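The file my_file.tsv comes next; it holds TSV, C-alpha atoms.
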```
chain	number	residue	atom	x	y	z
A	1	MET	CA	-41.91	58.48	7.54
A	2	ALA	CA	-41.95	60.55	10.72
A	3	PHE	CA	-42.50	58.84	14.06
A	4	MET	CA	-45.88	60.45	14.74
A	5	ILE	CA	-48.30	62.68	12.87
A	6	ALA	CA	-47.21	66.32	12.76
A	7	GLN	CA	-48.88	68.72	15.15
A	8	ARG	CA	-49.56	71.06	12.23
A	9	ALA	CA	-51.43	68.42	10.22
A	10	TYR	CA	-53.48	67.48	13.27
A	11	LEU	CA	-54.47	71.10	13.87
A	12	LYS	CA	-55.25	71.70	10.18
A	13	LEU	CA	-57.77	68.87	10.34
A	14	PHE	CA	-59.62	70.54	13.20
A	15	LEU	CA	-59.43	73.99	11.59
A	16	ILE	CA	-60.94	72.61	8.38
A	17	GLY	CA	-63.70	71.07	10.48
A	18	MET	CA	-64.46	74.42	12.11
A	19	VAL	CA	-64.65	76.28	8.81
A	20	GLU	CA	-66.95	73.50	7.54
A	21	LYS	CA	-69.28	74.26	10.44
A	22	ARG	CA	-69.15	77.97	9.47
A	23	ARG	CA	-67.18	78.81	12.55
A	24	GLY	CA	-64.29	80.43	10.76
A	25	TYR	CA	-63.63	83.27	13.17
A	26	GLY	CA	-59.88	83.38	13.70
A	27	TYR	CA	-59.87	84.18	17.38
A	28	GLU	CA	-62.81	81.91	18.22
A	29	MET	CA	-61.14	78.95	16.49
A	30	LEU	CA	-58.09	79.52	18.63
A	31	GLU	CA	-60.12	79.52	21.83
A	32	GLU	CA	-62.21	76.54	20.73
A	33	LEU	CA	-59.10	74.49	20.01
A	34	LYS	CA	-57.66	75.27	23.42
A	35	GLU	CA	-60.94	74.24	25.04
A	36	LEU	CA	-61.19	71.07	22.95
A	37	PHE	CA	-57.87	69.63	24.07
A	38	LYS	CA	-58.07	70.60	27.72
A	39	PRO	CA	-59.13	67.08	28.76
A	40	PHE	CA	-55.86	65.83	27.23
A	41	GLY	CA	-53.67	68.38	28.99
A	42	TYR	CA	-52.53	69.63	25.60
A	43	VAL	CA	-52.48	73.36	24.88
A	44	PRO	CA	-52.07	73.92	21.13
A	45	PRO	CA	-49.49	76.69	20.71
A	46	GLN	CA	-50.99	79.85	19.22
A	47	SER	CA	-48.10	80.15	16.79
A	48	GLU	CA	-48.78	76.62	15.46
A	49	ILE	CA	-52.46	77.40	14.94
A	50	TYR	CA	-51.61	80.57	12.99
A	51	ARG	CA	-49.05	78.69	10.91
A	52	ALA	CA	-51.64	75.99	10.20
A	53	LEU	CA	-54.15	78.62	9.04
A	54	HIS	CA	-51.46	80.32	6.99
A	55	GLU	CA	-50.66	77.03	5.24
A	56	LEU	CA	-54.32	76.39	4.46
A	57	VAL	CA	-54.49	79.83	2.86
A	58	GLN	CA	-51.22	79.26	0.96
A	59	GLU	CA	-52.51	75.91	-0.33
A	60	GLY	CA	-55.65	77.55	-1.67
A	61	VAL	CA	-58.00	75.74	0.71
A	62	LEU	CA	-59.10	78.81	2.65
A	63	TYR	CA	-59.18	82.54	2.12
A	64	ARG	CA	-59.35	85.27	4.67
A	65	THR	CA	-61.61	88.28	5.05
A	66	LYS	CA	-61.44	90.99	7.65
A	67	LYS	CA	-64.08	93.15	9.17
A	68	LEU	CA	-64.01	95.80	11.82
A	69	LYS	CA	-65.40	94.96	15.18
A	70	GLY	CA	-68.21	97.28	16.23
A	71	ASN	CA	-70.09	99.74	14.02
A	72	ASP	CA	-68.09	102.86	14.54
A	73	PRO	CA	-64.55	102.46	13.19
A	74	SER	CA	-63.45	105.66	14.88
A	75	VAL	CA	-64.18	104.06	18.23
A	76	ASP	CA	-63.01	100.52	17.70
A	77	PHE	CA	-60.42	99.56	15.13
A	78	GLN	CA	-60.10	95.95	16.18
A	79	GLU	CA	-60.28	93.64	13.19
A	80	ILE	CA	-62.08	90.32	13.09
A	81	VAL	CA	-60.49	87.76	10.78
A	82	LEU	CA	-62.79	85.26	9.09
A	83	TYR	CA	-61.83	82.15	7.15
A	84	HIS	CA	-63.88	80.67	4.28
A	85	PHE	CA	-63.39	77.88	1.77
A	86	THR	CA	-62.16	78.96	-1.66
A	87	GLU	CA	-64.15	77.78	-4.69
A	88	ASP	CA	-62.35	74.40	-4.81
A	89	GLY	CA	-61.26	74.61	-1.20
A	90	HIS	CA	-63.72	72.02	-0.05
A	91	ASP	CA	-62.43	69.43	-2.53
A	92	LYS	CA	-58.84	70.23	-1.62
A	93	ALA	CA	-59.74	69.88	2.05
A	94	GLU	CA	-61.32	66.47	1.46
A	95	LEU	CA	-58.19	65.28	-0.29
A	96	TYR	CA	-56.03	66.57	2.53
A	97	LYS	CA	-58.25	64.92	5.12
A	98	LYS	CA	-57.80	61.56	3.38
A	99	GLN	CA	-54.03	61.85	3.76
A	100	VAL	CA	-54.34	62.83	7.40
A	101	LYS	CA	-56.69	59.88	8.02
A	102	THR	CA	-54.07	57.46	6.68
A	103	ASP	CA	-51.46	58.91	9.01
A	104	LEU	CA	-53.87	58.94	11.98
A	105	ASP	CA	-54.62	55.24	11.44
A	106	ARG	CA	-50.91	54.45	11.21
A	107	CYS	CA	-50.16	56.35	14.45
A	108	ILE	CA	-53.09	54.80	16.33
A	109	GLY	CA	-51.77	51.43	15.19
A	110	MET	CA	-48.29	52.16	16.50
A	111	LEU	CA	-49.55	53.40	19.86
A	112	ASN	CA	-51.95	50.49	20.24
A	113	LYS	CA	-49.09	48.12	19.46
A	114	ALA	CA	-47.09	49.63	22.32
A	115	VAL	CA	-50.04	49.07	24.67
A	116	THR	CA	-50.84	45.50	23.60
A	117	ASP	CA	-47.17	44.45	23.55
A	118	HIS	CA	-46.24	45.92	26.93
A	119	PHE	CA	-49.32	46.23	29.14
B	1	MET	CA	-47.54	68.82	27.76
B	2	ALA	CA	-46.09	67.96	24.37
B	3	PHE	CA	-48.42	67.26	21.46
B	4	MET	CA	-47.52	63.57	21.15
B	5	ILE	CA	-45.47	61.06	23.06
B	6	ALA	CA	-41.72	61.44	22.47
B	7	GLN	CA	-40.07	59.02	20.09
B	8	ARG	CA	-37.42	58.32	22.72
B	9	ALA	CA	-39.96	57.31	25.38
B	10	TYR	CA	-41.73	55.07	22.89
B	11	LEU	CA	-38.47	53.33	21.96
B	12	LYS	CA	-37.39	52.98	25.60
B	13	LEU	CA	-40.58	51.06	26.29
B	14	PHE	CA	-39.76	48.52	23.57
B	15	LEU	CA	-36.10	48.28	24.63
B	16	ILE	CA	-37.15	47.54	28.21
B	17	GLY	CA	-39.45	44.84	26.86
B	18	MET	CA	-36.60	43.25	24.93
B	19	VAL	CA	-34.27	43.17	27.92
B	20	GLU	CA	-37.15	41.66	29.95
B	21	LYS	CA	-37.28	38.84	27.40
B	22	ARG	CA	-33.50	38.41	27.80
B	23	ARG	CA	-32.88	39.70	24.36
B	24	GLY	CA	-30.53	42.47	25.37
B	25	TYR	CA	-28.06	42.21	22.51
B	26	GLY	CA	-27.43	45.76	21.32
B	27	TYR	CA	-27.27	45.07	17.63
B	28	GLU	CA	-30.10	42.54	17.63
B	29	MET	CA	-32.40	44.97	19.43
B	30	LEU	CA	-31.72	47.53	16.76
B	31	GLU	CA	-32.59	45.09	14.00
B	32	GLU	CA	-35.64	43.78	15.83
B	33	LEU	CA	-37.01	47.30	16.30
B	34	LYS	CA	-36.58	48.05	12.61
B	35	GLU	CA	-38.41	44.86	11.74
B	36	LEU	CA	-41.17	45.49	14.27
B	37	PHE	CA	-42.22	48.83	12.81
B	38	LYS	CA	-41.91	47.93	9.15
B	39	PRO	CA	-45.69	47.43	8.79
B	40	PHE	CA	-46.10	51.05	9.90
B	41	GLY	CA	-43.56	52.44	7.47
B	42	TYR	CA	-41.57	53.79	10.41
B	43	VAL	CA	-37.84	53.25	10.57
B	44	PRO	CA	-36.58	54.07	14.07
B	45	PRO	CA	-33.38	56.10	13.66
B	46	GLN	CA	-30.32	54.26	14.91
B	47	SER	CA	-29.14	57.37	16.75
B	48	GLU	CA	-32.45	57.56	18.66
B	49	ILE	CA	-32.19	53.91	19.69
B	50	TYR	CA	-28.66	54.42	20.97
B	51	ARG	CA	-29.70	57.56	22.85
B	52	ALA	CA	-32.63	55.68	24.37
B	53	LEU	CA	-30.30	52.89	25.55
B	54	HIS	CA	-27.85	55.48	26.85
B	55	GLU	CA	-30.61	57.15	28.88
B	56	LEU	CA	-31.73	53.81	30.36
B	57	VAL	CA	-28.13	53.24	31.47
B	58	GLN	CA	-27.82	56.80	32.84
B	59	GLU	CA	-31.07	56.35	34.77
B	60	GLY	CA	-29.78	53.19	36.40
B	61	VAL	CA	-32.32	50.91	34.74
B	62	LEU	CA	-29.85	48.98	32.61
B	63	TYR	CA	-26.16	48.26	32.63
B	64	ARG	CA	-23.97	47.22	29.80
B	65	THR	CA	-21.49	44.38	29.40
B	66	LYS	CA	-19.24	43.65	26.47
B	67	LYS	CA	-17.86	40.46	25.14
B	68	LEU	CA	-15.71	39.63	22.18
B	69	LYS	CA	-17.32	37.95	19.25
B	70	GLY	CA	-15.65	34.66	18.42
B	71	ASN	CA	-13.24	32.70	20.59
B	72	ASP	CA	-9.94	33.96	19.33
B	73	PRO	CA	-9.54	37.68	20.10
B	74	SER	CA	-6.49	37.87	17.85
B	75	VAL	CA	-8.70	36.99	14.91
B	76	ASP	CA	-11.88	38.87	15.65
B	77	PHE	CA	-11.99	41.97	17.83
B	78	GLN	CA	-15.63	42.81	17.22
B	79	GLU	CA	-17.43	43.50	20.47
B	80	ILE	CA	-20.93	42.39	21.35
B	81	VAL	CA	-22.76	44.74	23.68
B	82	LEU	CA	-25.27	43.23	26.07
B	83	TYR	CA	-27.82	45.05	28.24
B	84	HIS	CA	-29.12	43.76	31.59
B	85	PHE	CA	-31.32	45.12	34.35
B	86	THR	CA	-29.49	46.61	37.33
B	87	GLU	CA	-30.46	45.33	40.78
B	88	ASP	CA	-33.40	47.74	41.09
B	89	GLY	CA	-33.64	48.25	37.34
B	90	HIS	CA	-36.76	46.18	37.00
B	91	ASP	CA	-38.63	48.30	39.57
B	92	LYS	CA	-37.42	51.49	37.94
B	93	ALA	CA	-38.53	50.16	34.57
B	94	GLU	CA	-42.00	49.35	35.89
B	95	LEU	CA	-42.34	52.90	37.23
B	96	TYR	CA	-41.21	54.33	33.92
B	97	LYS	CA	-43.62	52.10	32.02
B	98	LYS	CA	-46.51	53.44	34.09
B	99	GLN	CA	-45.67	56.98	33.05
B	100	VAL	CA	-45.38	55.95	29.42
B	101	LYS	CA	-48.74	54.15	29.63
B	102	THR	CA	-50.43	57.35	30.84
B	103	ASP	CA	-48.98	59.27	27.92
B	104	LEU	CA	-49.86	56.50	25.44
B	105	ASP	CA	-53.47	56.56	26.60
B	106	ARG	CA	-53.59	60.34	26.30
B	107	CYS	CA	-52.19	60.24	22.76
B	108	ILE	CA	-54.49	57.43	21.65
B	109	GLY	CA	-57.36	59.52	23.02
B	110	MET	CA	-56.28	62.57	21.03
B	111	LEU	CA	-55.86	60.63	17.80
B	112	ASN	CA	-59.16	58.79	18.25
B	113	LYS	CA	-60.85	62.14	18.85
B	114	ALA	CA	-59.54	63.39	15.51
B	115	VAL	CA	-60.99	60.30	13.80
B	116	THR	CA	-64.39	60.36	15.49
B	117	ASP	CA	-64.80	64.14	15.06
B	118	HIS	CA	-63.80	64.28	11.40
B	119	PHE	CA	-64.40	60.92	9.70
```
As structure tokens, please, write out the structure in this file.
Amino acid sequence: MAFMIAQRAYLKLFLIGMVEKRRGYGYEMLEELKELFKPFGYVPPQSEIYRALHELVQEGVLYRTKKLKGNDPSVDFQEIVLYHFTEDGHDKAELYKKQVKTDLDRCIGMLNKAVTDHF
Amino acid sequence: MAFMIAQRAYLKLFLIGMVEKRRGYGYEMLEELKELFKPFGYVPPQSEIYRALHELVQEGVLYRTKKLKGNDPSVDFQEIVLYHFTEDGHDKAELYKKQVKTDLDRCIGMLNKAVTDHF
């Protein structure tokens, strides 16, 4: 058992939550995550977020679609990446969340123990 | 800012606590730490514990003494390593503990956020 929950697992939980709320825009999720953790002084690395999304796609939880930004593709070729649940993606996500919850509880327990034992 | 508190910092906090309680026997601390985290399924790696102790010595918080186990050195050469606070080690330890407390609170906040947002 690792010392603490993996950063990737933690981020996957939040990414699943965003897709659940139909906010599956790749770039927006990235910005929202950065905003979310600002009060904790933690900046989730972009590479970790992309790897987390990649894993969720690999595991069959999410799939990706792309659309062009703007109406005239000759003017603006920028792609928008969107993430959606696969057919059984929601069930898979629920199962994954259960595992993460177990690890979160364990880690909170370990950190609380450090506080109650030493402060 | 790292995602979570470092394993080494977490272990140093507990090691300081053990020396405070005059339980600074190297080997015993190792065994006590293993026992302490059993309910969490976490086995602190021996190498990490030794590195943590080494850092506390390097930082002038602790110093090390050795004594031979048993009364007759010709029979038993096994050394017992003991850790004690240096003259200003206790003050240094208190300062270090304050930093660790800040990080512990931050991490507990981040993990609790994951629970309240998603479960």
With 10 Å as the cut-off and all atoms listed in the file counted, what is the closest atom pair between each nearby residue of chain B and chain A? Distances in Å to one decimal, ordered by chain and number, as a Markdown table.
```
| residue | atom | partner | partner_atom | distance |
| --- | --- | --- | --- | --- |
| B:Met1 | CA | A:Tyr42 | CA | 5.5 |
| B:Ala2 | CA | A:Tyr42 | CA | 6.8 |
| B:Phe3 | CA | A:Tyr42 | CA | 6.3 |
| B:Met4 | CA | A:Met4 | CA | 7.3 |
| B:Ile5 | CA | A:Met4 | CA | 8.4 |
| B:Ala6 | CA | A:Met4 | CA | 8.8 |
| B:Gln7 | CA | A:Phe3 | CA | 6.5 |
| B:Tyr10 | CA | A:Ala114 | CA | 7.7 |
| B:Leu11 | CA | A:Ala114 | CA | 9.4 |
| B:Leu13 | CA | A:His118 | CA | 7.7 |
| B:Phe14 | CA | A:Ala114 | CA | 7.5 |
| B:Ile16 | CA | A:His118 | CA | 9.3 |
| B:Gly17 | CA | A:His118 | CA | 6.9 |
| B:Leu36 | CA | A:Lys113 | CA | 9.8 |
| B:Phe37 | CA | A:Met110 | CA | 7.8 |
| B:Pro39 | CA | A:Arg106 | CA | 9.1 |
| B:Phe40 | CA | A:Arg106 | CA | 6.0 |
| B:Gly41 | CA | A:Met1 | CA | 6.3 |
| B:Tyr42 | CA | A:Met1 | CA | 5.5 |
| B:Val43 | CA | A:Met1 | CA | 7.3 |
| B:Pro44 | CA | A:Phe3 | CA | 7.6 |
| B:Pro45 | CA | A:Phe3 | CA | 9.5 |
| B:Lys97 | CA | A:His118 | CA | 8.4 |
| B:Lys98 | CA | A:Phe119 | CA | 9.2 |
| B:Val100 | CA | A:Val115 | CA | 9.6 |
| B:Lys101 | CA | A:Val115 | CA | 7.2 |
| B:Asp103 | CA | A:Phe40 | CA | 9.5 |
| B:Leu104 | CA | A:Leu111 | CA | 6.4 |
| B:Asp105 | CA | A:Leu111 | CA | 8.4 |
| B:Arg106 | CA | A:Phe40 | CA | 6.0 |
| B:Cys107 | CA | A:Leu111 | CA | 7.9 |
| B:Ile108 | CA | A:Ile108 | CA | 6.1 |
| B:Gly109 | CA | A:Phe40 | CA | 7.7 |
| B:Met110 | CA | A:Phe40 | CA | 7.0 |
| B:Leu111 | CA | A:Leu104 | CA | 6.4 |
| B:Asn112 | CA | A:Ile108 | CA | 7.5 |
| B:Lys113 | CA | A:Phe37 | CA | 9.6 |
| B:Ala114 | CA | A:Phe14 | CA | 7.5 |
| B:Val115 | CA | A:Lys101 | CA | 7.2 |
| B:Asp117 | CA | A:Gly17 | CA | 8.4 |
| B:His118 | CA | A:Gly17 | CA | 6.9 |
| B:Phe119 | CA | A:Lys101 | CA | 8.0 |
```
With C-alpha atoms kept, could you save the residues just selected as a compact mmCIF listing (two decimals), keeping the file's coordinate frame?
```
# COMPACT_ATOMS: atom_id res chain seq x y z
CA MET B 1 -47.54 68.82 27.76
CA ALA B 2 -46.09 67.96 24.37
CA PHE B 3 -48.42 67.26 21.46
CA MET B 4 -47.52 63.57 21.15
CA ILE B 5 -45.47 61.06 23.06
CA ALA B 6 -41.72 61.44 22.47
CA GLN B 7 -40.07 59.02 20.09
CA TYR B 10 -41.73 55.07 22.89
CA LEU B 11 -38.47 53.33 21.96
CA LEU B 13 -40.58 51.06 26.29
CA PHE B 14 -39.76 48.52 23.57
CA ILE B 16 -37.15 47.54 28.21
CA GLY B 17 -39.45 44.84 26.86
CA LEU B 36 -41.17 45.49 14.27
CA PHE B 37 -42.22 48.83 12.81
CA PRO B 39 -45.69 47.43 8.79
CA PHE B 40 -46.10 51.05 9.90
CA GLY B 41 -43.56 52.44 7.47
CA TYR B 42 -41.57 53.79 10.41
CA VAL B 43 -37.84 53.25 10.57
CA PRO B 44 -36.58 54.07 14.07
CA PRO B 45 -33.38 56.10 13.66
CA LYS B 97 -43.62 52.10 32.02
CA LYS B 98 -46.51 53.44 34.09
CA VAL B 100 -45.38 55.95 29.42
CA LYS B 101 -48.74 54.15 29.63
CA ASP B 103 -48.98 59.27 27.92
CA LEU B 104 -49.86 56.50 25.44
CA ASP B 105 -53.47 56.56 26.60
CA ARG B 106 -53.59 60.34 26.30
CA CYS B 107 -52.19 60.24 22.76
CA ILE B 108 -54.49 57.43 21.65
CA GLY B 109 -57.36 59.52 23.02
CA MET B 110 -56.28 62.57 21.03
CA LEU B 111 -55.86 60.63 17.80
CA ASN B 112 -59.16 58.79 18.25
CA LYS B 113 -60.85 62.14 18.85
CA ALA B 114 -59.54 63.39 15.51
CA VAL B 115 -60.99 60.30 13.80
CA ASP B 117 -64.80 64.14 15.06
CA HIS B 118 -63.80 64.28 11.40
CA PHE B 119 -64.40 60.92 9.70
```
What are the coordinates of chain A as a PDB file with C-alpha atoms, in the coordinates of the input following a least-squares fit to chain B on all in-order C-alpha atoms?
```
ATOM      1  CA  MET A   1     -47.580  68.846  27.749  1.00  0.00           C
ATOM      2  CA  ALA A   2     -46.113  67.954  24.365  1.00  0.00           C
ATOM      3  CA  PHE A   3     -48.430  67.264  21.443  1.00  0.00           C
ATOM      4  CA  MET A   4     -47.541  63.577  21.138  1.00  0.00           C
ATOM      5  CA  ILE A   5     -45.460  61.071  23.066  1.00  0.00           C
ATOM      6  CA  ALA A   6     -41.724  61.451  22.475  1.00  0.00           C
ATOM      7  CA  GLN A   7     -40.072  59.027  20.097  1.00  0.00           C
ATOM      8  CA  ARG A   8     -37.419  58.341  22.733  1.00  0.00           C
ATOM      9  CA  ALA A   9     -39.954  57.319  25.385  1.00  0.00           C
ATOM     10  CA  TYR A  10     -41.723  55.068  22.897  1.00  0.00           C
ATOM     11  CA  LEU A  11     -38.471  53.329  21.975  1.00  0.00           C
ATOM     12  CA  LYS A  12     -37.394  52.990  25.624  1.00  0.00           C
ATOM     13  CA  LEU A  13     -40.589  51.060  26.299  1.00  0.00           C
ATOM     14  CA  PHE A  14     -39.756  48.533  23.595  1.00  0.00           C
ATOM     15  CA  LEU A  15     -36.101  48.291  24.649  1.00  0.00           C
ATOM     16  CA  ILE A  16     -37.150  47.552  28.232  1.00  0.00           C
ATOM     17  CA  GLY A  17     -39.458  44.863  26.877  1.00  0.00           C
ATOM     18  CA  MET A  18     -36.605  43.250  24.949  1.00  0.00           C
ATOM     19  CA  VAL A  19     -34.272  43.187  27.939  1.00  0.00           C
ATOM     20  CA  GLU A  20     -37.140  41.668  29.963  1.00  0.00           C
ATOM     21  CA  LYS A  21     -37.277  38.842  27.431  1.00  0.00           C
ATOM     22  CA  ARG A  22     -33.488  38.400  27.835  1.00  0.00           C
ATOM     23  CA  ARG A  23     -32.865  39.708  24.374  1.00  0.00           C
ATOM     24  CA  GLY A  24     -30.509  42.463  25.394  1.00  0.00           C
ATOM     25  CA  TYR A  25     -28.048  42.214  22.533  1.00  0.00           C
ATOM     26  CA  GLY A  26     -27.408  45.758  21.354  1.00  0.00           C
ATOM     27  CA  TYR A  27     -27.251  45.084  17.652  1.00  0.00           C
ATOM     28  CA  GLU A  28     -30.086  42.541  17.658  1.00  0.00           C
ATOM     29  CA  MET A  29     -32.393  44.977  19.472  1.00  0.00           C
ATOM     30  CA  LEU A  30     -31.695  47.521  16.779  1.00  0.00           C
ATOM     31  CA  GLU A  31     -32.572  45.088  14.009  1.00  0.00           C
ATOM     32  CA  GLU A  32     -35.628  43.786  15.860  1.00  0.00           C
ATOM     33  CA  LEU A  33     -36.982  47.301  16.313  1.00  0.00           C
ATOM     34  CA  LYS A  34     -36.562  48.058  12.630  1.00  0.00           C
ATOM     35  CA  GLU A  35     -38.380  44.836  11.761  1.00  0.00           C
ATOM     36  CA  LEU A  36     -41.148  45.500  14.285  1.00  0.00           C
ATOM     37  CA  PHE A  37     -42.186  48.837  12.823  1.00  0.00           C
ATOM     38  CA  LYS A  38     -41.893  47.931   9.162  1.00  0.00           C
ATOM     39  CA  PRO A  39     -45.665  47.423   8.824  1.00  0.00           C
ATOM     40  CA  PHE A  40     -46.078  51.057   9.927  1.00  0.00           C
ATOM     41  CA  GLY A  41     -43.535  52.443   7.476  1.00  0.00           C
ATOM     42  CA  TYR A  42     -41.559  53.801  10.410  1.00  0.00           C
ATOM     43  CA  VAL A  43     -37.805  53.241  10.581  1.00  0.00           C
ATOM     44  CA  PRO A  44     -36.559  54.074  14.088  1.00  0.00           C
ATOM     45  CA  PRO A  45     -33.369  56.111  13.665  1.00  0.00           C
ATOM     46  CA  GLN A  46     -30.296  54.267  14.933  1.00  0.00           C
ATOM     47  CA  SER A  47     -29.115  57.366  16.762  1.00  0.00           C
ATOM     48  CA  GLU A  48     -32.433  57.571  18.671  1.00  0.00           C
ATOM     49  CA  ILE A  49     -32.197  53.925  19.703  1.00  0.00           C
ATOM     50  CA  TYR A  50     -28.647  54.426  21.014  1.00  0.00           C
ATOM     51  CA  ARG A  51     -29.698  57.571  22.864  1.00  0.00           C
ATOM     52  CA  ALA A  52     -32.631  55.674  24.381  1.00  0.00           C
ATOM     53  CA  LEU A  53     -30.296  52.902  25.576  1.00  0.00           C
ATOM     54  CA  HIS A  54     -27.852  55.486  26.873  1.00  0.00           C
ATOM     55  CA  GLU A  55     -30.620  57.143  28.902  1.00  0.00           C
ATOM     56  CA  LEU A  56     -31.717  53.824  30.383  1.00  0.00           C
ATOM     57  CA  VAL A  57     -28.133  53.233  31.491  1.00  0.00           C
ATOM     58  CA  GLN A  58     -27.823  56.791  32.859  1.00  0.00           C
ATOM     59  CA  GLU A  59     -31.074  56.364  34.809  1.00  0.00           C
ATOM     60  CA  GLY A  60     -29.775  53.196  36.427  1.00  0.00           C
ATOM     61  CA  VAL A  61     -32.325  50.916  34.765  1.00  0.00           C
ATOM     62  CA  LEU A  62     -29.853  48.982  32.634  1.00  0.00           C
ATOM     63  CA  TYR A  63     -26.153  48.269  32.642  1.00  0.00           C
ATOM     64  CA  ARG A  64     -23.959  47.215  29.802  1.00  0.00           C
ATOM     65  CA  THR A  65     -21.474  44.391  29.400  1.00  0.00           C
ATOM     66  CA  LYS A  66     -19.252  43.664  26.456  1.00  0.00           C
ATOM     67  CA  LYS A  67     -17.847  40.469  25.127  1.00  0.00           C
ATOM     68  CA  LEU A  68     -15.709  39.649  22.160  1.00  0.00           C
ATOM     69  CA  LYS A  69     -17.323  37.975  19.241  1.00  0.00           C
ATOM     70  CA  GLY A  70     -15.712  34.652  18.377  1.00  0.00           C
ATOM     71  CA  ASN A  71     -13.261  32.676  20.511  1.00  0.00           C
ATOM     72  CA  ASP A  72      -9.985  33.948  19.222  1.00  0.00           C
ATOM     73  CA  PRO A  73      -9.559  37.656  19.984  1.00  0.00           C
ATOM     74  CA  SER A  74      -6.553  37.870  17.699  1.00  0.00           C
ATOM     75  CA  VAL A  75      -8.794  36.983  14.782  1.00  0.00           C
ATOM     76  CA  ASP A  76     -11.950  38.871  15.593  1.00  0.00           C
ATOM     77  CA  PHE A  77     -12.019  41.940  17.787  1.00  0.00           C
ATOM     78  CA  GLN A  78     -15.651  42.788  17.213  1.00  0.00           C
ATOM     79  CA  GLU A  79     -17.420  43.485  20.483  1.00  0.00           C
ATOM     80  CA  ILE A  80     -20.927  42.385  21.356  1.00  0.00           C
ATOM     81  CA  VAL A  81     -22.761  44.751  23.693  1.00  0.00           C
ATOM     82  CA  LEU A  82     -25.286  43.239  26.087  1.00  0.00           C
ATOM     83  CA  TYR A  83     -27.821  45.045  28.249  1.00  0.00           C
ATOM     84  CA  HIS A  84     -29.114  43.751  31.608  1.00  0.00           C
ATOM     85  CA  PHE A  85     -31.319  45.121  34.362  1.00  0.00           C
ATOM     86  CA  THR A  86     -29.487  46.604  37.343  1.00  0.00           C
ATOM     87  CA  GLU A  87     -30.451  45.335  40.805  1.00  0.00           C
ATOM     88  CA  ASP A  88     -33.416  47.745  41.085  1.00  0.00           C
ATOM     89  CA  GLY A  89     -33.641  48.242  37.348  1.00  0.00           C
ATOM     90  CA  HIS A  90     -36.760  46.182  37.014  1.00  0.00           C
ATOM     91  CA  ASP A  91     -38.644  48.286  39.572  1.00  0.00           C
ATOM     92  CA  LYS A  92     -37.425  51.488  37.954  1.00  0.00           C
ATOM     93  CA  ALA A  93     -38.534  50.151  34.580  1.00  0.00           C
ATOM     94  CA  GLU A  94     -42.009  49.353  35.905  1.00  0.00           C
ATOM     95  CA  LEU A  95     -42.351  52.872  37.238  1.00  0.00           C
ATOM     96  CA  TYR A  96     -41.216  54.316  33.936  1.00  0.00           C
ATOM     97  CA  LYS A  97     -43.624  52.101  32.024  1.00  0.00           C
ATOM     98  CA  LYS A  98     -46.520  53.431  34.114  1.00  0.00           C
ATOM     99  CA  GLN A  99     -45.677  56.981  33.052  1.00  0.00           C
ATOM    100  CA  VAL A 100     -45.392  55.968  29.420  1.00  0.00           C
ATOM    101  CA  LYS A 101     -48.752  54.159  29.634  1.00  0.00           C
ATOM    102  CA  THR A 102     -50.443  57.358  30.827  1.00  0.00           C
ATOM    103  CA  ASP A 103     -48.994  59.280  27.902  1.00  0.00           C
ATOM    104  CA  LEU A 104     -49.867  56.505  25.418  1.00  0.00           C
ATOM    105  CA  ASP A 105     -53.495  56.561  26.592  1.00  0.00           C
ATOM    106  CA  ARG A 106     -53.608  60.347  26.287  1.00  0.00           C
ATOM    107  CA  CYS A 107     -52.185  60.245  22.733  1.00  0.00           C
ATOM    108  CA  ILE A 108     -54.494  57.425  21.622  1.00  0.00           C
ATOM    109  CA  GLY A 109     -57.357  59.514  22.978  1.00  0.00           C
ATOM    110  CA  MET A 110     -56.292  62.565  20.998  1.00  0.00           C
ATOM    111  CA  LEU A 111     -55.864  60.620  17.766  1.00  0.00           C
ATOM    112  CA  ASN A 112     -59.153  58.790  18.217  1.00  0.00           C
ATOM    113  CA  LYS A 113     -60.850  62.132  18.816  1.00  0.00           C
ATOM    114  CA  ALA A 114     -59.534  63.373  15.471  1.00  0.00           C
ATOM    115  CA  VAL A 115     -60.964  60.276  13.767  1.00  0.00           C
ATOM    116  CA  THR A 116     -64.385  60.335  15.448  1.00  0.00           C
ATOM    117  CA  ASP A 117     -64.788  64.106  15.011  1.00  0.00           C
ATOM    118  CA  HIS A 118     -63.776  64.241  11.349  1.00  0.00           C
ATOM    119  CA  PHE A 119     -64.359  60.872   9.682  1.00  0.00           C
TER     120      PHE A 119
END
```
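What separates CA of Val61 (chain B) from CA of Thr86 (chain B) is a distance of 5.8 Å.
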Skip Tyr63 (chain A) itself and residues of its chain fewer than 5 positions away, then list as a PyMOL selection string all residues within 7 Å of it, counting only C-alpha atoms.
chain A and resi 57+83-86
